[in-house]
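Coordinates as given in final.csv (CSV, C-alpha atoms):
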chain,number,residue,atom,x,y,z
A,1,MET,CA,0.0,0.0,0.0
A,2,THR,CA,1.3,3.5,-0.9
A,3,THR,CA,1.0,6.1,1.8
A,4,GLY,CA,0.2,9.7,1.1
A,5,ASP,CA,3.8,10.8,1.8
A,6,GLU,CA,5.2,8.1,-0.5
A,7,ALA,CA,2.8,9.1,-3.4
A,8,ASP,CA,3.8,12.7,-2.8
A,9,ARG,CA,7.5,11.8,-3.6
A,10,ARG,CA,6.8,9.4,-6.4
A,11,LEU,CA,8.0,9.8,-10.0
A,12,LEU,CA,6.0,8.0,-12.7
A,13,PRO,CA,7.5,6.5,-15.9
A,14,GLY,CA,6.5,7.6,-19.4
A,15,CYS,CA,7.6,8.2,-23.0
A,16,PRO,CA,9.3,11.6,-23.6
A,17,ARG,CA,7.7,11.9,-27.1
A,18,CYS,CA,4.1,11.0,-26.4
A,19,SER,CA,1.5,10.3,-23.7
A,20,GLU,CA,1.0,6.6,-24.5
A,21,GLN,CA,1.3,4.2,-21.6
A,22,VAL,CA,4.7,2.5,-21.4
A,23,SER,CA,6.0,-0.7,-20.0
A,24,LEU,CA,9.3,-0.8,-18.0
A,25,GLY,CA,12.2,-2.1,-20.0
A,26,GLY,CA,15.4,-3.7,-18.8
A,27,THR,CA,18.1,-2.4,-16.6
A,28,ASP,CA,19.4,0.2,-19.1
A,29,GLY,CA,17.0,2.9,-18.2
A,30,THR,CA,14.7,2.6,-21.2
A,31,VAL,CA,11.0,2.0,-21.4
A,32,ALA,CA,8.9,0.4,-24.2
A,33,CYS,CA,6.5,2.8,-25.9
A,34,PRO,CA,3.9,1.2,-28.2
A,35,VAL,CA,4.4,4.1,-30.7
A,36,HIS,CA,8.2,4.9,-30.4
A,37,GLY,CA,9.6,1.6,-29.3
A,38,PRO,CA,12.4,1.5,-26.7
A,39,VAL,CA,13.1,5.1,-25.5
A,40,PRO,CA,14.9,6.7,-22.6
A,41,ALA,CA,12.5,6.9,-19.7
A,42,LEU,CA,10.6,10.1,-18.8
A,43,TRP,CA,10.0,10.4,-15.1
A,44,ARG,CA,7.3,12.9,-14.1
A,45,ALA,CA,6.2,13.9,-10.6
A,46,ALA,CA,3.0,12.2,-9.4
A,47,ALA,CA,2.3,15.5,-7.6
A,48,PRO,CA,4.4,18.7,-7.4
A,49,SER,CA,5.9,19.0,-4.0
A,50,TYR,CA,9.2,19.9,-2.3
A,51,ASP,CA,9.9,16.2,-1.4
A,52,ALA,CA,9.2,15.0,-5.0
A,53,PHE,CA,11.4,17.8,-6.4
A,54,GLY,CA,14.2,16.6,-4.2
A,55,VAL,CA,13.8,13.1,-5.6
A,56,HIS,CA,13.8,14.6,-9.1
A,57,LEU,CA,17.0,16.5,-8.5
A,58,LEU,CA,18.8,13.5,-7.0
A,59,ALA,CA,17.7,11.2,-9.8
A,60,ALA,CA,18.7,13.8,-12.5
A,61,ASP,CA,22.2,13.5,-11.1
A,62,GLY,CA,23.5,17.0,-11.7
A,63,PHE,CA,21.8,17.6,-15.1
A,64,PRO,CA,20.6,21.2,-15.1
A,65,THR,CA,17.1,21.9,-13.9
A,66,TYR,CA,16.2,25.5,-14.7
A,67,VAL,CA,13.6,27.6,-12.8
A,68,PRO,CA,12.9,31.3,-13.3
A,69,TRP,CA,14.6,33.1,-10.4
A,70,PRO,CA,13.4,34.7,-8.2
A,71,LEU,CA,10.0,33.1,-8.7
A,72,THR,CA,7.4,35.9,-8.7
A,73,ALA,CA,5.2,36.1,-5.6
A,74,GLY,CA,2.1,33.9,-6.0
A,75,TRP,CA,3.7,31.7,-8.6
A,76,ARG,CA,4.5,28.1,-7.9
A,77,VAL,CA,6.3,25.1,-9.4
A,78,SER,CA,3.4,23.1,-10.8
A,79,ASP,CA,5.2,20.3,-12.7
A,80,PHE,CA,8.6,18.8,-13.3
A,81,ALA,CA,10.2,15.8,-15.1
A,82,TYR,CA,13.4,14.4,-16.3
A,83,VAL,CA,14.5,11.9,-19.0
A,84,ALA,CA,17.2,9.4,-18.5
A,85,GLY,CA,18.6,6.5,-20.5
A,86,PRO,CA,21.6,4.2,-20.6
A,87,ARG,CA,24.1,7.1,-20.5
A,88,GLY,CA,22.3,9.1,-17.7
A,89,ALA,CA,20.0,12.1,-17.8
A,90,ARG,CA,19.2,13.6,-21.2
A,91,ALA,CA,16.6,16.3,-20.3
A,92,THR,CA,14.8,18.1,-17.6
A,93,MET,CA,11.5,20.1,-17.5
A,94,THR,CA,10.0,22.5,-15.0
A,95,CYS,CA,6.7,24.3,-15.3
A,96,CYS,CA,5.9,27.4,-13.2
A,97,SER,CA,2.3,28.6,-13.0
A,98,GLY,CA,0.8,31.9,-11.8
A,99,THR,CA,-1.2,34.8,-13.1
A,100,SER,CA,-0.5,38.1,-14.8
A,101,GLU,CA,-2.6,41.1,-15.0
A,102,LEU,CA,-2.9,40.9,-18.8
A,103,ASP,CA,-3.1,37.2,-19.4
A,104,GLY,CA,-4.8,35.7,-16.3
A,105,PRO,CA,-3.5,32.1,-15.6
A,106,VAL,CA,-0.1,31.5,-17.2
A,107,ASP,CA,2.2,28.5,-17.5
A,108,LEU,CA,5.9,28.9,-18.2
A,109,VAL,CA,7.6,25.6,-19.2
A,110,VAL,CA,11.4,25.3,-19.4
A,111,VAL,CA,13.1,22.3,-21.1
A,112,THR,CA,16.8,21.7,-21.5
A,113,GLU,CA,17.6,18.6,-23.4
A,114,GLU,CA,20.1,16.7,-25.6
A,115,PRO,CA,19.3,16.8,-29.3
A,116,ALA,CA,16.7,14.3,-30.5
A,117,THR,CA,15.3,13.6,-27.0
A,118,GLY,CA,11.8,14.7,-28.0
A,119,LEU,CA,10.6,16.2,-24.8
A,120,GLY,CA,10.7,19.8,-25.8
A,121,ALA,CA,8.9,19.1,-29.1
A,122,ARG,CA,6.2,17.2,-27.3
A,123,LEU,CA,5.5,20.0,-24.8
A,124,ALA,CA,5.5,22.5,-27.7
A,125,GLY,CA,3.0,20.4,-29.6
A,126,LEU,CA,5.5,19.6,-32.4
A,127,ASP,CA,6.8,16.4,-34.0
A,128,ALA,CA,10.6,17.0,-33.9
A,129,ASP,CA,13.5,19.2,-32.8
A,130,PRO,CA,13.5,22.8,-34.2
A,131,GLY,CA,14.9,23.4,-37.7
A,132,PRO,CA,17.1,26.0,-39.3
A,133,GLU,CA,15.0,28.9,-38.0
A,134,VAL,CA,16.8,28.7,-34.7
A,135,GLY,CA,19.9,30.9,-35.0
A,136,HIS,CA,18.9,32.7,-38.1
A,137,GLY,CA,17.4,36.2,-38.2
A,138,PRO,CA,16.5,38.3,-35.2
A,139,SER,CA,15.8,36.5,-31.9
A,140,ALA,CA,12.4,36.9,-30.3
A,141,ALA,CA,13.6,36.9,-26.7
A,142,ARG,CA,16.6,36.4,-24.4
A,143,VAL,CA,17.1,34.8,-21.0
A,144,ARG,CA,20.1,35.1,-18.6
A,145,LEU,CA,21.7,31.8,-17.8
A,146,ASP,CA,24.9,31.4,-15.7
A,147,GLY,CA,25.4,35.2,-16.0
A,148,HIS,CA,25.2,35.2,-19.8
A,149,PRO,CA,22.4,36.1,-22.2
A,150,VAL,CA,21.0,33.3,-24.3
A,151,ALA,CA,19.1,34.2,-27.4
A,152,LEU,CA,15.8,32.4,-28.2
A,153,TRP,CA,14.1,32.2,-31.6
A,154,PRO,CA,10.4,31.7,-32.3
A,155,VAL,CA,9.3,28.3,-33.6
A,156,SER,CA,6.1,28.1,-35.6
A,157,THR,CA,3.4,25.9,-34.2
A,158,SER,CA,0.8,26.7,-36.9
A,159,ALA,CA,0.8,23.1,-38.2
A,160,ALA,CA,0.0,21.7,-34.7
A,161,ASP,CA,-3.3,21.6,-32.8
A,162,PRO,CA,-4.8,25.1,-33.3
A,163,ASP,CA,-6.6,24.9,-30.0
A,164,PHE,CA,-3.2,24.6,-28.2
A,165,ASP,CA,-2.7,28.3,-27.4
A,166,ARG,CA,1.0,28.9,-26.7
A,167,SER,CA,4.2,30.7,-27.8
A,168,VAL,CA,7.4,28.7,-28.3
A,169,VAL,CA,11.0,30.0,-28.4
A,170,VAL,CA,14.1,27.9,-28.6
A,171,GLY,CA,17.8,28.5,-28.3
A,172,GLU,CA,21.0,26.6,-27.5
A,173,ALA,CA,22.9,26.5,-24.2
A,174,HIS,CA,25.8,24.3,-23.2
A,175,GLY,CA,25.3,22.2,-26.4
A,176,ARG,CA,21.7,21.5,-25.5
A,177,TRP,CA,18.4,22.8,-26.7
A,178,LEU,CA,16.7,25.2,-24.4
A,179,TRP,CA,12.9,25.5,-24.9
A,180,LEU,CA,10.5,27.9,-23.4
A,181,VAL,CA,6.8,27.3,-23.9
A,182,LEU,CA,4.3,29.9,-22.6
A,183,ARG,CA,0.6,29.4,-22.3
A,184,PRO,CA,-1.4,31.4,-23.4
A,185,ALA,CA,0.6,32.8,-26.4
A,186,SER,CA,0.1,36.4,-25.3
A,187,ALA,CA,2.2,35.6,-22.2
A,188,MET,CA,5.3,35.9,-24.4
A,189,LEU,CA,5.4,39.5,-23.2
A,190,LEU,CA,6.6,38.3,-19.8
A,191,LEU,CA,10.0,37.6,-21.4
A,192,GLY,CA,10.5,41.3,-22.2
A,193,GLU,CA,13.1,41.9,-19.5
A,194,ASP,CA,15.6,39.1,-20.0
A,195,PRO,CA,14.5,36.9,-17.1
A,196,LEU,CA,17.0,34.9,-15.1
A,197,LEU,CA,16.9,31.1,-15.3
A,198,ARG,CA,18.7,29.4,-12.3
A,199,ASP,CA,20.0,25.9,-12.3
A,200,VAL,CA,18.7,24.6,-8.9
A,201,ALA,CA,20.3,21.2,-9.2
A,202,GLY,CA,22.7,21.8,-6.3
A,203,ASP,CA,20.8,24.4,-4.4
A,204,GLY,CA,19.7,22.3,-1.4
A,205,PRO,CA,18.2,24.5,1.3
A,206,ALA,CA,17.6,27.4,-1.1
A,207,LEU,CA,14.7,25.3,-2.6
A,208,VAL,CA,12.6,26.2,0.4
A,209,GLU,CA,12.0,29.5,-1.3
A,210,LEU,CA,10.0,27.8,-4.0
A,211,GLU,CA,6.3,27.2,-3.7
A,212,PHE,CA,4.9,23.9,-5.1
A,213,GLY,CA,1.3,23.1,-6.1
A,214,GLY,CA,-1.0,21.9,-8.9
A,215,PRO,CA,-2.8,21.5,-10.9
A,216,ALA,CA,-0.1,20.5,-13.4
A,217,PRO,CA,-0.8,21.4,-17.0
A,218,ALA,CA,-1.9,18.7,-19.4
A,219,TRP,CA,0.7,17.6,-21.9
Written as structure tokens, that's how I'd like the structure from this file.
Amino acid sequence: MTTGDEADRRLLPGCPRCSEQVSLGGTDGTVACPVHGPVPALWRAAAPSYDAFGVHLLAADGFPTYVPWPLTAGWRVSDFAYVAGPRGARATMTCCSGTSELDGPVDLVVVTEEPATGLGARLAGLDADPGPEVGHGPSAARVRLDGHPVALWPVSTSAADPDFDRSVVVGEAHGRWLWLVLRPASAMLLLGEDPLLRDVAGDGPALVELEFGGPAPAW
């Protein structure tokens, strides 16, 4: 029997590319997806909480987990996940949720991942990694990461589900894709002041400054 505290800390397996139910694979960290075959396992929090986030950070084993910092008063960490395979962690995701005066309820999703992992594309409602539009022409936004600005380019989602109202920008940091997905699309204006993303992988006690709570957005 799973107690409430145990459920609070639990991470559930899935496919990084789709929402199909998976079966656990062997000892190499993969799962079997009926659509995508053997894939690195996605581990998502059963419920967003301080304890579950600690489990996430420990399991991600130093792979960056980015959170907007400082988190605006009234905002909370509403979802998080990581992807790991035979060679260790390949991706992390955090979602912070709150409200803005102009947009009402807002979700800000941050994904950093190795190329071809598929988690960023899934959260953006796309089928694959971004194409040549990233790095060409003027950037749409910037964030500050490790004290340096990171340029982000808009990625078109017009061919995806038209009811999925969001803006997507993508850049490159430390040889990995960096995705930001904002819902609704108008919330893109929140990136107008080069927000800071902080890697909280080794923060320890500083994490008590974060608020956690659902509901987690559907994806």
(message) Residues within 9 Å of Gly54 of chain A, please, as a PyMOL selection string. Count only C-alpha atoms; anything in the same chain fewer than 5 positions from it doesn't count.
(response) chain A and resi 9+49+59+204+207
Go ahead and dump the residues you just picked, C-alpha atoms, as a CSV table (one decimal), in the coordinates of the input.
chain,number,residue,atom,x,y,z
A,9,ARG,CA,7.5,11.8,-3.6
A,49,SER,CA,5.9,19.0,-4.0
A,59,ALA,CA,17.7,11.2,-9.8
A,204,GLY,CA,19.7,22.3,-1.4
A,207,LEU,CA,14.7,25.3,-2.6
(message) I'd like to know which of A:Val181, A:Val150, A:Val77, A:Leu191 is closest to Asp165 of chain A, using all atoms listed in the file.
(response)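 Going through A:Val181, A:Val150, A:Val77, A:Leu191 one by one, the smallest distance to Asp165 of chain A is for A:Val181.
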(message) Considering all atoms listed in the file, can you say which of A:Val106, A:Leu71, A:Ala216, A:Ala185 comes closest to Ala47 of chain A?
(response)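 Of A:Val106, A:Leu71, A:Ala216, A:Ala185, the one nearest Ala47 of chain A, counting all atoms listed in the file, is A:Ala216.
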(message) Between A:Arg166, A:His136, A:Arg10, A:Arg90, which residue has the minimum interatomic distance to Thr112 of chain A, considering only C-alpha atoms?
(response) A:Arg90
(request) Calculate how many Å separate atom CA of Ala32 of chain A from atom CA of Leu12 of chain A, rounding to one decimal. (result)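 A separation of 14.1 Å between them.
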(message) Counting all atoms listed in the file, which residue out of A:Leu108, A:Cys33, A:Leu42, A:Ala140 sits closest to Tyr82 of chain A?
(response)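 Using all atoms listed in the file, the shortest distance to Tyr82 of chain A belongs to A:Leu42.
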(request) Provide the atom CA of Leu24 of chain A to atom CA of Arg176 of chain A distance in Å, to one decimal place. (result) 26.6 Å
